[in-house]
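One structure below.
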Amino acid sequence: MLGCFKKLPGKETIPMKPLLRAFSVLAVAAPLVLTGCKSSTPKLNYPVAHRDNTVDTYFGQKVPAPYQWMENLTSPQLHKWVEAENKITTNYRAKIPIRGWMDHRLTQLWNYAKERTPDQLQNGMLFFRRNSGLQNQSVVYVQQSATAKPRVLLDPNQLSPDGSIALAQTAPSPQGKYLAYALSKGGSDWQTIHVLDVATGKPTSDVVRWVKFSGIAWTHDGKGFFYSRYPEPPSGEKEISHAVVNQKLYYHKLGTPQSQDKLIYTRPDLPHAAIEGSVSEDGHYLYLFLMNNSISNNELYYANLGNPSPPDVAAKITPIYTANDARYEPI
């Protein structure tokens, strides 16, 4: 709280300009002075968090952990406590007069058309995202050439009534026949990859699950793609509480179930490492990036896929740089 303001006699009142004008209001000392006053904000009664008698032992030292029960994300007691906390926050924010002005001003500032840089394929097709201004998510468009009329290919705003399903990423196949796209539910990092037939605009039968922190790298024949995934959580365990370990690189062939996807690379000796694949522009090579305990450094591997049509997705993985001392990228 900055304190209370009082108008001096004969001075013009300066209108409140939230956030952007906060410091300028304080700088104009002549019209306003600080006065002693008491806040009229009502006291917030926060819900009491349950404390139990849990004690952990580390190297012979006993450490109380009364809130460890909150780590059980399926606990009804935890859900009840979180709901009570959220209710207090929501009610408090609803009573702040400035929020209405902020909402109006931010809406004004954000209401302009936006387009992302397009992906241009070798045959001239263009794929890009466009937002008319206030759409919740940008819409995916496709056009056959730079002079052709674009058409809507995928509108993520139609995927769920409450907007809880987000379009995380897209990747057109090299010939533009298919569009692989990953969806996320409820803000989760977990993604499910689907494939759209560009000509018809209808999804194929391909569904790839348990994907997280992954790219989508098509082989140049347009018949499949490399992706990274984690093991499926045990039955009954929620995705959000599943340990993110043992990521593996797979290849998915269109028209086949995920259970038949080919395992390309895994590092059981580095369970916390992230593994990502990328295909070279000419389609001859698979580049494999391994990030272990760092996002700025990586190891780099490659596989010679041979003839891009059809590629040898089972080609040997060969190391290039394994010191994990810098960020390595192929050019």
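In the structure tokens, chains take the letters A, B, ... in the order shown, each chain's residues start at 1, and ligands count up from 1 in the order shown.
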Within 10 Å of Tyr67 (chain A), counting only C-alpha atoms, which residues qualify if same-chain residues fewer than 3 places away don't, as a PyMOL selection string?
-> chain A and resi 49-54+64+70-71
Would you save the residues of that selection, restricted to C-alpha atoms, as an mmCIF file, in the first residue's frame?
data_model
loop_
_atom_site.group_PDB
_atom_site.id
_atom_site.type_symbol
_atom_site.label_atom_id
_atom_site.label_comp_id
_atom_site.auth_asym_id
_atom_site.auth_seq_id
_atom_site.Cartn_x
_atom_site.Cartn_y
_atom_site.Cartn_z
ATOM 1 C CA ALA A 49 -3.932 -25.908 6.267
ATOM 2 C CA HIS A 50 -3.948 -29.244 8.036
ATOM 3 C CA ARG A 51 -0.727 -30.225 9.804
ATOM 4 C CA ASP A 52 0.039 -33.853 10.579
ATOM 5 C CA ASN A 53 2.835 -35.638 12.421
ATOM 6 C CA THR A 54 4.872 -36.727 9.409
ATOM 7 C CA PRO A 64 9.142 -32.503 10.546
ATOM 8 C CA MET A 70 -0.228 -32.070 0.054
ATOM 9 C CA GLU A 71 2.033 -33.977 -2.325
#
Polymer residues at most 8 Å from region 79-89 of chain A, only C-alpha atoms, same-chain spacing of 3 or more positions, as a ChimeraX atom specification | /A:44,46-47,49,73-76,92-93
Once you count only C-alpha atoms, what closest atom pair and distance in Å to one decimal does each residue of region 225-275 of chain A within 8 Å of region 310-318 of chain A have, with rows by chain and rising residue number, as a Markdown table?
| residue | atom | partner | partner_atom | distance |
| --- | --- | --- | --- | --- |
| A:Tyr251 | CA | A:Val313 | CA | 7.5 |
| A:Ile264 | CA | A:Ala314 | CA | 7.0 |
| A:Tyr265 | CA | A:Ile317 | CA | 7.9 |
Closest to Val152 (chain A) among A:Ser235, A:Ser259, A:Asn45, A:Asn131, using only C-alpha atoms?
-> A:Asn131
What's the 10 Å shell around Leu270 (chain A), counting only C-alpha atoms, without same-chain residues fewer than 2 positions away, as a VMD selection string?
-> chain A and resid 245 to 247 266 to 268 272 to 274 290 to 293
Writing out the chosen residues with N, CA, C and O atoms as a PDB file, in the first residue's frame:
ATOM      1  N   VAL A 245      10.409 -38.991 -16.309  1.00  0.00           N
ATOM      2  CA  VAL A 245      11.722 -39.623 -16.471  1.00  0.00           C
ATOM      3  C   VAL A 245      11.671 -40.596 -17.642  1.00  0.00           C
ATOM      4  O   VAL A 245      10.613 -41.036 -18.065  1.00  0.00           O
ATOM      5  N   ASN A 246      12.863 -40.909 -18.157  1.00  0.00           N
ATOM      6  CA  ASN A 246      13.033 -41.911 -19.212  1.00  0.00           C
ATOM      7  C   ASN A 246      12.336 -41.529 -20.511  1.00  0.00           C
ATOM      8  O   ASN A 246      11.562 -42.298 -21.089  1.00  0.00           O
ATOM      9  N   GLN A 247      12.615 -40.315 -20.993  1.00  0.00           N
ATOM     10  CA  GLN A 247      12.098 -39.911 -22.293  1.00  0.00           C
ATOM     11  C   GLN A 247      12.803 -40.693 -23.400  1.00  0.00           C
ATOM     12  O   GLN A 247      13.999 -40.970 -23.314  1.00  0.00           O
ATOM     13  N   THR A 266      17.151 -44.341 -26.723  1.00  0.00           N
ATOM     14  CA  THR A 266      16.835 -44.220 -25.303  1.00  0.00           C
ATOM     15  C   THR A 266      18.123 -44.225 -24.505  1.00  0.00           C
ATOM     16  O   THR A 266      19.135 -44.790 -24.944  1.00  0.00           O
ATOM     17  N   ARG A 267      18.090 -43.585 -23.341  1.00  0.00           N
ATOM     18  CA  ARG A 267      19.265 -43.556 -22.467  1.00  0.00           C
ATOM     19  C   ARG A 267      18.860 -43.903 -21.037  1.00  0.00           C
ATOM     20  O   ARG A 267      18.666 -43.010 -20.207  1.00  0.00           O
ATOM     21  N   PRO A 268      18.704 -45.182 -20.745  1.00  0.00           N
ATOM     22  CA  PRO A 268      18.313 -45.573 -19.390  1.00  0.00           C
ATOM     23  C   PRO A 268      19.327 -45.159 -18.329  1.00  0.00           C
ATOM     24  O   PRO A 268      18.974 -45.078 -17.146  1.00  0.00           O
ATOM     25  N   HIS A 272      16.854 -38.641 -16.524  1.00  0.00           N
ATOM     26  CA  HIS A 272      16.294 -37.286 -16.521  1.00  0.00           C
ATOM     27  C   HIS A 272      16.668 -36.496 -17.773  1.00  0.00           C
ATOM     28  O   HIS A 272      16.337 -35.308 -17.880  1.00  0.00           O
ATOM     29  N   ALA A 273      17.348 -37.123 -18.707  1.00  0.00           N
ATOM     30  CA  ALA A 273      17.757 -36.437 -19.928  1.00  0.00           C
ATOM     31  C   ALA A 273      16.567 -36.238 -20.862  1.00  0.00           C
ATOM     32  O   ALA A 273      15.641 -37.055 -20.907  1.00  0.00           O
ATOM     33  N   ALA A 274      16.607 -35.134 -21.626  1.00  0.00           N
ATOM     34  CA  ALA A 274      15.609 -34.871 -22.663  1.00  0.00           C
ATOM     35  C   ALA A 274      16.206 -35.239 -24.014  1.00  0.00           C
ATOM     36  O   ALA A 274      17.361 -34.935 -24.292  1.00  0.00           O
ATOM     37  N   LEU A 290      20.558 -34.463 -27.147  1.00  0.00           N
ATOM     38  CA  LEU A 290      20.390 -35.002 -25.798  1.00  0.00           C
ATOM     39  C   LEU A 290      20.784 -33.922 -24.804  1.00  0.00           C
ATOM     40  O   LEU A 290      21.934 -33.471 -24.777  1.00  0.00           O
ATOM     41  N   MET A 291      19.822 -33.470 -23.992  1.00  0.00           N
ATOM     42  CA  MET A 291      20.057 -32.460 -22.967  1.00  0.00           C
ATOM     43  C   MET A 291      19.998 -33.125 -21.598  1.00  0.00           C
ATOM     44  O   MET A 291      18.974 -33.690 -21.240  1.00  0.00           O
ATOM     45  N   ASN A 292      21.093 -33.060 -20.870  1.00  0.00           N
ATOM     46  CA  ASN A 292      21.152 -33.696 -19.561  1.00  0.00           C
ATOM     47  C   ASN A 292      21.580 -32.676 -18.514  1.00  0.00           C
ATOM     48  O   ASN A 292      22.710 -32.185 -18.535  1.00  0.00           O
ATOM     49  N   ASN A 293      20.651 -32.334 -17.626  1.00  0.00           N
ATOM     50  CA  ASN A 293      20.904 -31.402 -16.516  1.00  0.00           C
ATOM     51  C   ASN A 293      21.215 -29.985 -16.979  1.00  0.00           C
ATOM     52  O   ASN A 293      21.736 -29.176 -16.216  1.00  0.00           O
TER      53      ASN A 293
END
Could you state the separation of CA of Trp110 (chain A) and CA of Val140 (chain A) in Å, given to one decimal place?
->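 Interatomic distance here is 19.4 Å.
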Considering only C-alpha atoms, state which residue in the set A:Gly201, A:Gly277, A:Pro271, A:Pro172 is at the smallest distance from Val244 (chain A).
->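 Nearest candidate to Val244 (chain A) out of A:Gly201, A:Gly277, A:Pro271, A:Pro172: A:Pro271.
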Could you tell me how far CA of Gly176 (chain A) lies from CA of Arg130 (chain A), in Å and to one decimal?
->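 Separation of CA of Gly176 (chain A) and CA of Arg130 (chain A): 18.4 Å.
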Skipping near chain neighbours, those fewer than 6 positions away, what residues fall within 12 Å of Ala166 (chain A) using only C-alpha atoms, listed as a PyMOL selection string?
-> chain A and resi 136-139+154-160+181-193
